$ cat model-v1.tsv   # TSV, C-alpha atoms
chain	number	residue	atom	x	y	z
A	1	PRO	CA	-19.00	70.37	-18.21
A	2	PHE	CA	-22.07	68.14	-17.92
A	3	CYS	CA	-25.52	69.37	-18.78
A	4	ASN	CA	-27.61	71.47	-16.39
A	5	GLY	CA	-24.71	71.89	-13.99
A	6	LYS	CA	-24.80	68.27	-12.88
A	7	SER	CA	-21.87	66.86	-10.99
A	8	TYR	CA	-21.21	63.20	-10.46
A	9	PRO	CA	-19.44	61.30	-7.69
A	10	GLU	CA	-16.37	59.40	-8.76
A	11	GLN	CA	-17.11	55.72	-9.21
A	12	HIS	CA	-14.73	52.84	-8.91
A	13	GLY	CA	-14.89	49.23	-9.95
A	14	CYS	CA	-17.91	47.55	-11.42
A	15	ASP	CA	-21.29	46.53	-10.09
A	16	ASP	CA	-21.97	42.91	-10.86
A	17	GLY	CA	-25.17	42.44	-8.94
A	18	ASP	CA	-27.89	44.58	-10.50
A	19	ASP	CA	-28.52	42.72	-13.78
A	20	ASP	CA	-31.96	41.35	-14.43
A	21	ASP	CA	-32.08	37.81	-12.99
A	22	ASP	CA	-33.59	36.30	-16.13
A	23	ASP	CA	-30.96	37.89	-18.38
A	24	VAL	CA	-28.14	36.70	-16.13
A	25	ASP	CA	-29.53	33.15	-15.99
A	26	ALA	CA	-29.99	33.04	-19.76
A	27	SER	CA	-26.52	34.45	-20.40
A	28	ALA	CA	-24.90	32.07	-17.95
A	29	ALA	CA	-26.75	29.13	-19.52
A	30	ALA	CA	-25.63	30.16	-23.00
A	31	ALA	CA	-22.03	30.46	-21.86
A	32	ALA	CA	-22.23	27.06	-20.19
A	33	ASP	CA	-23.59	25.52	-23.40
A	34	VAL	CA	-20.72	26.99	-25.39
A	35	GLU	CA	-18.19	25.66	-22.91
A	36	ASN	CA	-19.72	22.18	-22.97
A	37	THR	CA	-20.31	21.86	-26.72
A	38	ASN	CA	-17.33	23.72	-28.13
A	39	THR	CA	-14.44	22.24	-26.16
A	40	ALA	CA	-12.18	21.97	-29.17
A	41	ALA	CA	-12.54	25.66	-29.95
A	42	SER	CA	-12.07	26.77	-26.37
A	43	GLN	CA	-8.84	24.80	-26.08
A	44	VAL	CA	-7.13	27.10	-28.59
A	45	VAL	CA	-8.16	30.27	-26.74
A	46	THR	CA	-5.44	31.81	-24.63
A	47	LEU	CA	-7.28	33.58	-21.84
A	48	GLN	CA	-5.92	37.02	-21.15
A	49	SER	CA	-6.48	39.42	-18.29
A	50	ASN	CA	-5.69	42.82	-19.77
A	51	SER	CA	-9.11	44.21	-18.84
A	52	VAL	CA	-9.32	42.81	-15.32
A	53	GLY	CA	-10.66	45.51	-13.02
A	54	ALA	CA	-12.29	47.50	-15.82
A	55	PRO	CA	-15.94	48.38	-15.16
A	56	MET	CA	-16.85	47.95	-18.83
A	57	VAL	CA	-15.37	46.95	-22.17
A	58	PHE	CA	-16.10	47.68	-25.82
A	59	VAL	CA	-16.55	44.48	-27.83
A	60	VAL	CA	-16.16	44.23	-31.62
A	61	ARG	CA	-16.96	41.19	-33.71
A	62	ILE	CA	-14.15	40.57	-36.22
A	63	ARG	CA	-15.15	37.36	-38.00
A	64	GLU	CA	-18.03	36.39	-40.26
A	65	ASP	CA	-17.81	32.59	-40.55
A	66	GLN	CA	-21.35	32.24	-41.90
A	67	GLY	CA	-22.31	28.60	-41.76
A	68	LYS	CA	-19.05	27.70	-40.01
A	69	ALA	CA	-19.32	29.06	-36.49
A	70	PRO	CA	-20.82	26.56	-34.01
A	71	PRO	CA	-24.47	27.38	-33.25
A	72	LYS	CA	-23.70	28.03	-29.59
A	73	ILE	CA	-21.05	30.58	-30.58
A	74	VAL	CA	-23.62	32.34	-32.75
A	75	THR	CA	-26.03	32.32	-29.79
A	76	VAL	CA	-23.53	34.11	-27.55
A	77	LEU	CA	-22.61	36.63	-30.27
A	78	ASN	CA	-26.30	37.35	-30.76
A	79	ARG	CA	-26.73	37.89	-27.02
A	80	PHE	CA	-24.08	40.56	-27.33
A	81	ARG	CA	-26.06	41.90	-30.36
A	82	LEU	CA	-23.04	41.29	-32.57
A	83	LYS	CA	-24.75	39.88	-35.63
A	84	ARG	CA	-22.34	41.19	-38.26
A	85	PRO	CA	-18.58	41.72	-38.55
A	86	TYR	CA	-17.23	45.02	-37.22
A	87	GLN	CA	-20.23	45.72	-35.05
A	88	GLY	CA	-19.35	46.93	-31.57
A	89	VAL	CA	-21.17	47.27	-28.25
A	90	PHE	CA	-20.44	48.43	-24.72
A	91	VAL	CA	-20.65	45.60	-22.16
A	92	LYS	CA	-20.50	45.76	-18.37
A	93	TYR	CA	-17.46	43.63	-17.54
A	94	ASP	CA	-18.94	41.43	-14.85
A	95	ALA	CA	-18.35	37.73	-14.18
A	96	THR	CA	-21.01	36.57	-16.65
A	97	ALA	CA	-19.69	38.79	-19.43
A	98	ARG	CA	-16.12	37.65	-18.83
A	99	ARG	CA	-17.10	34.02	-19.08
A	100	MET	CA	-19.10	34.57	-22.27
A	101	LEU	CA	-16.32	36.62	-23.87
A	102	HIS	CA	-13.76	33.92	-23.11
A	103	MET	CA	-15.97	31.44	-24.95
A	104	VAL	CA	-16.09	33.53	-28.13
A	105	GLU	CA	-12.62	35.11	-28.01
A	106	PRO	CA	-11.56	33.96	-31.51
A	107	TRP	CA	-14.52	35.94	-32.90
A	108	VAL	CA	-14.06	39.24	-31.04
A	109	LEU	CA	-11.71	41.99	-29.94
A	110	TYR	CA	-12.48	43.72	-26.67
A	111	GLY	CA	-10.94	46.03	-24.14
A	112	LYS	CA	-11.36	49.21	-22.11
A	113	PRO	CA	-11.54	52.31	-24.32
A	114	SER	CA	-10.50	55.68	-22.98
A	115	GLU	CA	-13.05	58.38	-22.23
A	116	ALA	CA	-11.74	60.34	-25.23
A	117	MET	CA	-12.31	57.34	-27.51
A	118	ILE	CA	-15.83	56.83	-26.17
A	119	LYS	CA	-16.61	60.47	-26.93
A	120	ASP	CA	-15.22	60.01	-30.44
A	121	LEU	CA	-17.31	56.89	-31.00
A	122	MET	CA	-20.43	58.66	-29.78
A	123	GLU	CA	-19.85	61.69	-31.99
A	124	ARG	CA	-19.06	59.76	-35.15
A	125	ARG	CA	-20.94	56.45	-35.00
A	126	SER	CA	-23.72	56.51	-32.42
A	127	PHE	CA	-27.38	55.79	-33.13
A	128	GLY	CA	-30.18	55.16	-30.69
A	129	THR	CA	-32.92	52.55	-30.54
A	130	VAL	CA	-36.50	53.85	-30.43
A	131	GLN	CA	-39.35	51.34	-30.65
A	132	GLY	CA	-36.96	48.84	-32.20
A	133	GLU	CA	-35.82	51.24	-34.91
A	134	ARG	CA	-32.37	52.72	-35.52
A	135	VAL	CA	-32.54	56.50	-35.15
A	136	PRO	CA	-29.85	59.21	-35.22
A	137	ILE	CA	-29.21	60.94	-31.90
A	138	SER	CA	-29.80	64.33	-33.47
A	139	ASP	CA	-30.39	66.21	-30.23
A	140	ASN	CA	-30.79	65.73	-26.49
A	141	THR	CA	-34.59	65.50	-26.62
A	142	ILE	CA	-34.30	61.89	-27.81
A	143	LEU	CA	-32.15	60.98	-24.82
A	144	GLU	CA	-34.40	62.83	-22.40
A	145	LYS	CA	-37.49	61.08	-23.76
A	146	GLU	CA	-35.99	57.57	-23.79
A	147	LEU	CA	-33.73	57.64	-20.72
A	148	GLY	CA	-34.55	60.79	-18.75
A	149	ASP	CA	-37.53	59.91	-16.57
A	150	GLU	CA	-36.30	56.53	-15.35
A	151	HIS	CA	-32.53	56.95	-15.47
A	152	GLY	CA	-31.85	60.69	-15.34
A	153	ILE	CA	-29.93	60.68	-18.63
A	154	ILE	CA	-30.98	63.83	-20.47
A	155	CYS	CA	-28.01	64.73	-22.67
A	156	MET	CA	-25.00	63.25	-24.44
A	157	GLU	CA	-22.67	64.15	-21.57
A	158	ASP	CA	-24.85	62.14	-19.19
A	159	LEU	CA	-24.81	59.18	-21.55
A	160	ILE	CA	-21.03	59.23	-21.95
A	161	HIS	CA	-20.57	59.54	-18.18
A	162	GLU	CA	-22.76	56.46	-17.63
A	163	LEU	CA	-20.77	54.43	-20.16
A	164	VAL	CA	-17.37	55.49	-18.82
A	165	ASN	CA	-18.23	54.67	-15.21
A	166	ALA	CA	-20.59	51.71	-15.75
A	167	GLY	CA	-23.12	53.27	-13.40
A	168	ASP	CA	-26.51	52.02	-12.28
A	169	ALA	CA	-28.10	52.93	-15.63
A	170	PHE	CA	-25.31	51.39	-17.75
A	171	ASP	CA	-27.41	48.48	-19.01
A	172	ALA	CA	-30.23	50.78	-20.10
A	173	ALA	CA	-27.75	53.16	-21.75
A	174	SER	CA	-25.96	50.35	-23.59
A	175	LYS	CA	-29.18	48.77	-24.80
A	176	PHE	CA	-30.47	52.14	-25.99
A	177	LEU	CA	-27.44	52.47	-28.26
A	178	TRP	CA	-27.77	50.65	-31.56
A	179	PRO	CA	-24.69	48.43	-32.15
A	180	PHE	CA	-21.92	50.60	-33.56
A	181	GLN	CA	-21.20	49.74	-37.19
A	182	LEU	CA	-17.47	50.13	-37.71
A	183	THR	CA	-15.55	49.54	-40.93
A	184	CYS	CA	-13.19	46.84	-42.09
A	185	PRO	CA	-9.56	48.08	-42.03
A	186	ARG	CA	-9.12	49.67	-45.44
A	187	SER	CA	-5.50	49.34	-46.51
A	188	LYS	CA	-3.28	46.26	-46.56
A	189	PHE	CA	-1.10	47.93	-43.93
A	190	GLU	CA	-4.08	48.48	-41.64
A	191	LYS	CA	-5.30	44.93	-42.18
A	192	ASP	CA	-1.90	43.46	-41.46
A	193	LYS	CA	-1.53	45.63	-38.37
A	194	LEU	CA	-4.94	44.66	-37.04
A	195	GLY	CA	-4.41	41.02	-38.03
A	196	ALA	CA	-8.10	40.29	-37.51
A	197	HIS	CA	-8.87	39.54	-41.14
A	198	GLN	CA	-7.15	36.17	-40.72
A	199	GLY	CA	-8.10	35.68	-37.11
A	200	LYS	CA	-4.53	36.26	-35.93
A	201	ASP	CA	-5.39	38.90	-33.40
A	202	TYR	CA	-8.36	38.58	-31.11
A	203	GLY	CA	-9.49	38.58	-27.52
A	204	ASP	CA	-8.74	40.92	-24.63
A	205	LYS	CA	-6.72	44.00	-25.61
A	206	GLY	CA	-7.18	45.96	-22.39
A	207	GLU	CA	-6.17	49.60	-22.69
A	208	GLN	CA	-4.74	49.00	-26.16
A	209	MET	CA	-8.31	48.86	-27.47
A	210	ASP	CA	-8.17	52.52	-28.52
A	211	SER	CA	-5.65	51.78	-31.26
A	212	TYR	CA	-7.82	48.99	-32.67
A	213	ILE	CA	-10.96	51.13	-32.66
A	214	LYS	CA	-9.13	53.97	-34.45
A	215	GLN	CA	-8.36	51.63	-37.35
A	216	MET	CA	-12.07	50.84	-37.76
A	217	LEU	CA	-13.61	54.31	-37.38
$ encode --input "model-v1.tsv" --output "structure tokens"
Amino acid sequence: PFCNGKSYPEQHGCDDGDDDDDDVDASAAAAADVENTNTAASQVVTLQSNSVGAPMVFVVRIREDQGKAPPKIVTVLNRFRLKRPYQGVFVKYDATARRMLHMVEPWVLYGKPSEAMIKDLMERRSFGTVQGERVPISDNTILEKELGDEHGIICMEDLIHELVNAGDAFDAASKFLWPFQLTCPRSKFEKDKLGAHQGKDYGDKGEQMDSYIKQML
């Protein structure tokens, strides 16, 4: 049950129109720059559609490539707050995000995690952002202080509900969460199965994303 007896209407689809105009323009411009200046890289990307219709996706950076990735690729990864390998973030899967993800597909895995996986991620790896600092979400008072007044998010159940359904406060909820630091697959078997250590497996994994996340928790 959700906190304080709250109930929520079922939500469908994704809302593409409420993003801040400046952020959308900047993101679109960055994606356009990548498309124009990194044609060779984009030609090798096989665009997939496993996550079409999903309201949100979880995105994980899988490659380092320090000094090798084109600057525009780095710009897009930074816009997603993916500055290091095996960092992950929740992203509303709107038209701008899809275009940007297609541009950086060789550097990321993404897809729609299940509600159970989101709960697992939150319990095991979540940290919040308070005044630019990474802080543990030790109790609900942090959520109530940072997200309660403006967005009505006062407990972990509220936060998970917002992420699962990509509601009106999704952007605020996602930005409040510090990028999840996952781990490199540990064993040779796990590495071979993931395939990401050599860039063999990347891009849109749709509902298979749970199995990839499990290997990095």
$ atom_distance --input "model-v1.tsv" --atom1 "CA of Val52 in chain A" --atom2 "CA of Gly167 in chain A"
17.4 Å
$ axis_aligned_box --input "model-v1.tsv" --around "range 98-114 of chain A" --padding-each-side "4 Å" --output "AutoDock Vina command-line options"
--center_x -14.8 --center_y 43.6 --center_z -25.9 --size_x 16.6 --size_y 32.2 --size_z 22.1
$ residues_around --input "model-v1.tsv" --residues "Leu77 in chain A" --least-positions-apart "4" --cutoff "12 Å" --atoms "all atoms listed in the file" --output "number ranges by chain"
A: 27, 30-31, 34, 59-64, 69-73, 81-85, 87-89, 97, 100-108
$ closest_residue --input "model-v1.tsv" --among "A:Ser126, A:Ala169, A:Thr183, A:Lys175" --to "Met156 in chain A" --atoms "all atoms listed in the file"
A:Ser126
$ residues_around --input "model-v1.tsv" --residues "Pro136 in chain A" --least-positions-apart "6" --cutoff "9 Å" --atoms "all atoms listed in the file" --output "list in words"
Ser126, Phe127, Gly128 and Thr129 of chain A
$ write_last_selection --input "model-v1.tsv" --atoms "C-alpha atoms" --output "short mmCIF file (atom, residue, chain, number, x, y, z; two decimals), in the frame of the given file"
data_model
loop_
_atom_site.label_atom_id
_atom_site.label_comp_id
_atom_site.auth_asym_id
_atom_site.auth_seq_id
_atom_site.Cartn_x
_atom_site.Cartn_y
_atom_site.Cartn_z
CA SER A 126 -23.72 56.51 -32.42
CA PHE A 127 -27.38 55.79 -33.13
CA GLY A 128 -30.18 55.16 -30.69
CA THR A 129 -32.92 52.55 -30.54
#
$ closest_residue --input "model-v1.tsv" --among "A:Val74, A:Ile137, A:Leu121, A:Ala54" --to "Arg98 in chain A" --atoms "only C-alpha atoms"
A:Ala54
$ atom_distance --input "model-v1.tsv" --atom1 "CA of Ser51 in chain A" --atom2 "CA of Ile153 in chain A"
26.5 Å
$ atom_distance --input "model-v1.tsv" --atom1 "CA of Asn50 in chain A" --atom2 "CA of Leu109 in chain A"
11.8 Å
$ closest_residue --input "model-v1.tsv" --among "A:Gly152, A:Gln215, A:Leu147, A:Arg99" --to "Ser174 in chain A" --atoms "all atoms listed in the file"
A:Leu147
